[in-house]
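This report concerns only the one structure given below.
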Amino acid sequence: MQVGEGGAELKFNSRDPVYLQVVRYFKEEIATGRLEKGQIIPSRREIAGKLKINPNTAQKAYKEMEEQALIVTEGNSPSRITTDEHVLSLIRNELITDAVDAFVLSIAKIQVPVEELLAIVKNKVESTYNQAVKEGEQA
């Protein structure tokens, strides 16, 4: 795994604890398939160096990912992304739900009728997906 190379760039915000932002980054990389089930991930020290974060913060992020069963570390072996399909499915659902919740909260003030809103979202998603396909063909 090349953090920030070939995958999503991790840019820290000042609102959320850094270790939780690292966990979310890994979830996004897993959900998009840039990190595959069973894939070995960099050590805590490597991640700390690549992301320019405190090694204790990296350790806390890895501990959190182990508690959420996102990664598995057995003995002195390198940490790996889980192969548990249920956990992998939960990651994707969590990210989608978080995004939808944020969207709904931001749009609720406008009181757009549901059917109109769904049509707008459908058009925007199709447009974005089509653009991504075109850009992929040019690469």
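Simple scheme: letters A, B, ... for chains in structure tokens order, numbers from 1 for residues in each chain, numbers from 1 for ligands in the order shown.
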#### Entry: Contacts of region 44-50 of chain A within 8 Å, only C-alpha atoms, excl. fewer than 3 positions in-chain, as a ChimeraX atom specification
/A:3,53-55,57-59,62
Those residues with N, CA, C and O atoms, as a compact mmCIF listing (two decimals), in the first residue's frame please?
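As written to disk, part.txt reads:
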# COMPACT_ATOMS: atom_id res chain seq x y z
N VAL A 3 0.55 4.90 0.73
CA VAL A 3 -0.34 5.90 1.28
C VAL A 3 -0.21 7.18 0.48
O VAL A 3 0.87 7.72 0.32
N ILE A 53 2.87 11.69 11.15
CA ILE A 53 2.13 11.76 12.40
C ILE A 53 2.96 11.10 13.50
O ILE A 53 3.90 10.36 13.22
N ASN A 54 2.59 11.36 14.73
CA ASN A 54 3.27 10.77 15.87
C ASN A 54 3.08 9.26 15.86
O ASN A 54 1.97 8.78 15.61
N PRO A 55 4.14 8.48 16.12
CA PRO A 55 4.00 7.01 16.16
C PRO A 55 2.92 6.54 17.14
O PRO A 55 2.27 5.53 16.90
N THR A 57 0.14 8.06 17.71
CA THR A 57 -1.13 8.27 17.00
C THR A 57 -1.37 7.11 16.03
O THR A 57 -2.49 6.59 15.93
N ALA A 58 -0.33 6.70 15.32
CA ALA A 58 -0.45 5.56 14.41
C ALA A 58 -0.82 4.30 15.20
O ALA A 58 -1.68 3.53 14.77
N GLN A 59 -0.17 4.11 16.34
CA GLN A 59 -0.47 2.95 17.19
C GLN A 59 -1.93 2.98 17.63
O GLN A 59 -2.62 1.96 17.59
N TYR A 62 -4.16 1.98 14.69
CA TYR A 62 -4.12 0.54 14.43
C TYR A 62 -4.89 -0.23 15.51
O TYR A 62 -5.59 -1.19 15.21
### Query
So which residues touch Phe12 (chain A) within 12 Å, counting only C-alpha atoms, skipping near sequence neighbours fewer than 2 positions away, as number ranges by chain?
A: 9-10, 14-25, 51-53
Restricted to C-alpha atoms, what would the selected residues look like written as an mmCIF file, in the first residue's frame?
data_model
loop_
_atom_site.group_PDB
_atom_site.id
_atom_site.type_symbol
_atom_site.label_atom_id
_atom_site.label_comp_id
_atom_site.auth_asym_id
_atom_site.auth_seq_id
_atom_site.Cartn_x
_atom_site.Cartn_y
_atom_site.Cartn_z
ATOM 1 C CA GLU A 9 -4.819 11.585 -0.517
ATOM 2 C CA LEU A 10 -5.143 11.914 3.257
ATOM 3 C CA SER A 14 -8.637 20.157 12.689
ATOM 4 C CA ARG A 15 -12.099 18.956 13.800
ATOM 5 C CA ASP A 16 -11.548 15.239 14.297
ATOM 6 C CA PRO A 17 -8.837 13.337 16.187
ATOM 7 C CA VAL A 18 -6.030 12.376 13.796
ATOM 8 C CA TYR A 19 -6.182 8.686 14.696
ATOM 9 C CA LEU A 20 -9.875 8.558 13.716
ATOM 10 C CA GLN A 21 -9.068 10.281 10.427
ATOM 11 C CA VAL A 22 -6.476 7.564 9.754
ATOM 12 C CA VAL A 23 -9.080 4.882 10.522
ATOM 13 C CA ARG A 24 -11.560 6.550 8.140
ATOM 14 C CA TYR A 25 -8.854 6.747 5.461
ATOM 15 C CA LEU A 51 1.657 10.438 7.093
ATOM 16 C CA LYS A 52 4.001 12.555 9.209
ATOM 17 C CA ILE A 53 2.130 11.762 12.405
#
Restrict the calculation to only C-alpha atoms, then for each residue of region 6-66 of chain A with any atom at most 6 Å from an atom of region 70-80 of chain A give the closest atom pair and their distance in Å to one decimal, rows by chain and rising residue number, as a tab-separated table.
residue	atom	partner	partner_atom	distance
A:Gly38	CA	A:Arg80	CA	5.4
A:Gln39	CA	A:Arg80	CA	5.2
A:Ile40	CA	A:Arg80	CA	4.3
A:Ile41	CA	A:Arg80	CA	5.6
A:Met65	CA	A:Leu70	CA	5.1
A:Glu66	CA	A:Ile71	CA	5.1
### Task
Have a look at CA of Glu28 (chain A) and CA of Leu95 (chain A) and let me know their distance in Å, one decimal.
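Distance reported for this atom pair: 7.5 Å.
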### Task
Would you list the contacts of Glu36 (chain A) as a PyMOL selection string, taking every protein, DNA or RNA residue within 10 Å and counting only C-alpha atoms, but skipping same-chain residues closer than 3 positions in sequence?
chain A and resi 1+29-33+39-41+80-83+88
Take the residues from that selection and write them out as a PDB file, in the first residue's frame, keeping N, CA and C atoms.
ATOM      1  N   MET A   1       0.842  -1.179   0.000  1.00  0.00           N
ATOM      2  CA  MET A   1       0.000   0.000   0.000  1.00  0.00           C
ATOM      3  C   MET A   1       0.878   1.230   0.000  1.00  0.00           C
ATOM      4  N   GLU A  29     -10.211   3.381   1.746  1.00  0.00           N
ATOM      5  CA  GLU A  29      -9.345   2.603   0.864  1.00  0.00           C
ATOM      6  C   GLU A  29      -9.862   1.172   0.711  1.00  0.00           C
ATOM      7  N   ILE A  30     -10.410   0.611   1.785  1.00  0.00           N
ATOM      8  CA  ILE A  30     -10.984  -0.737   1.734  1.00  0.00           C
ATOM      9  C   ILE A  30     -12.264  -0.722   0.896  1.00  0.00           C
ATOM     10  N   ALA A  31     -13.150   0.234   1.160  1.00  0.00           N
ATOM     11  CA  ALA A  31     -14.443   0.298   0.478  1.00  0.00           C
ATOM     12  C   ALA A  31     -14.287   0.506  -1.026  1.00  0.00           C
ATOM     13  N   THR A  32     -13.241   1.228  -1.431  1.00  0.00           N
ATOM     14  CA  THR A  32     -13.033   1.480  -2.861  1.00  0.00           C
ATOM     15  C   THR A  32     -12.223   0.383  -3.537  1.00  0.00           C
ATOM     16  N   GLY A  33     -11.721  -0.562  -2.755  1.00  0.00           N
ATOM     17  CA  GLY A  33     -10.948  -1.656  -3.329  1.00  0.00           C
ATOM     18  C   GLY A  33      -9.471  -1.357  -3.512  1.00  0.00           C
ATOM     19  N   GLN A  39      -4.776  -8.102   2.400  1.00  0.00           N
ATOM     20  CA  GLN A  39      -3.567  -7.377   1.987  1.00  0.00           C
ATOM     21  C   GLN A  39      -2.765  -6.927   3.203  1.00  0.00           C
ATOM     22  N   ILE A  40      -1.450  -7.106   3.132  1.00  0.00           N
ATOM     23  CA  ILE A  40      -0.554  -6.628   4.186  1.00  0.00           C
ATOM     24  C   ILE A  40      -0.492  -5.108   4.112  1.00  0.00           C
ATOM     25  N   ILE A  41      -0.551  -4.468   5.271  1.00  0.00           N
ATOM     26  CA  ILE A  41      -0.466  -3.008   5.322  1.00  0.00           C
ATOM     27  C   ILE A  41       0.847  -2.598   5.987  1.00  0.00           C
ATOM     28  N   ARG A  80      -2.765  -7.151   8.507  1.00  0.00           N
ATOM     29  CA  ARG A  80      -3.444  -7.369   7.224  1.00  0.00           C
ATOM     30  C   ARG A  80      -4.868  -6.839   7.315  1.00  0.00           C
ATOM     31  N   ILE A  81      -5.407  -6.484   6.155  1.00  0.00           N
ATOM     32  CA  ILE A  81      -6.815  -6.125   6.066  1.00  0.00           C
ATOM     33  C   ILE A  81      -7.622  -7.388   6.325  1.00  0.00           C
ATOM     34  N   THR A  82      -8.730  -7.260   7.022  1.00  0.00           N
ATOM     35  CA  THR A  82      -9.576  -8.412   7.327  1.00  0.00           C
ATOM     36  C   THR A  82     -10.043  -9.107   6.048  1.00  0.00           C
ATOM     37  N   THR A  83     -10.353 -10.385   6.184  1.00  0.00           N
ATOM     38  CA  THR A  83     -10.965 -11.127   5.084  1.00  0.00           C
ATOM     39  C   THR A  83     -12.437 -11.420   5.392  1.00  0.00           C
ATOM     40  N   LEU A  88     -16.293  -6.258   5.977  1.00  0.00           N
ATOM     41  CA  LEU A  88     -16.072  -5.476   4.762  1.00  0.00           C
ATOM     42  C   LEU A  88     -17.364  -4.825   4.277  1.00  0.00           C
TER      43      LEU A  88
END
### Task
Run DSSP on the backbone and give me the residues of chain A it puts in strand (DSSP E), as a list in words.
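Answer for chain A, restricted to strand (DSSP E): Ile71, Val72, Arg80 and Ile81 of chain A.
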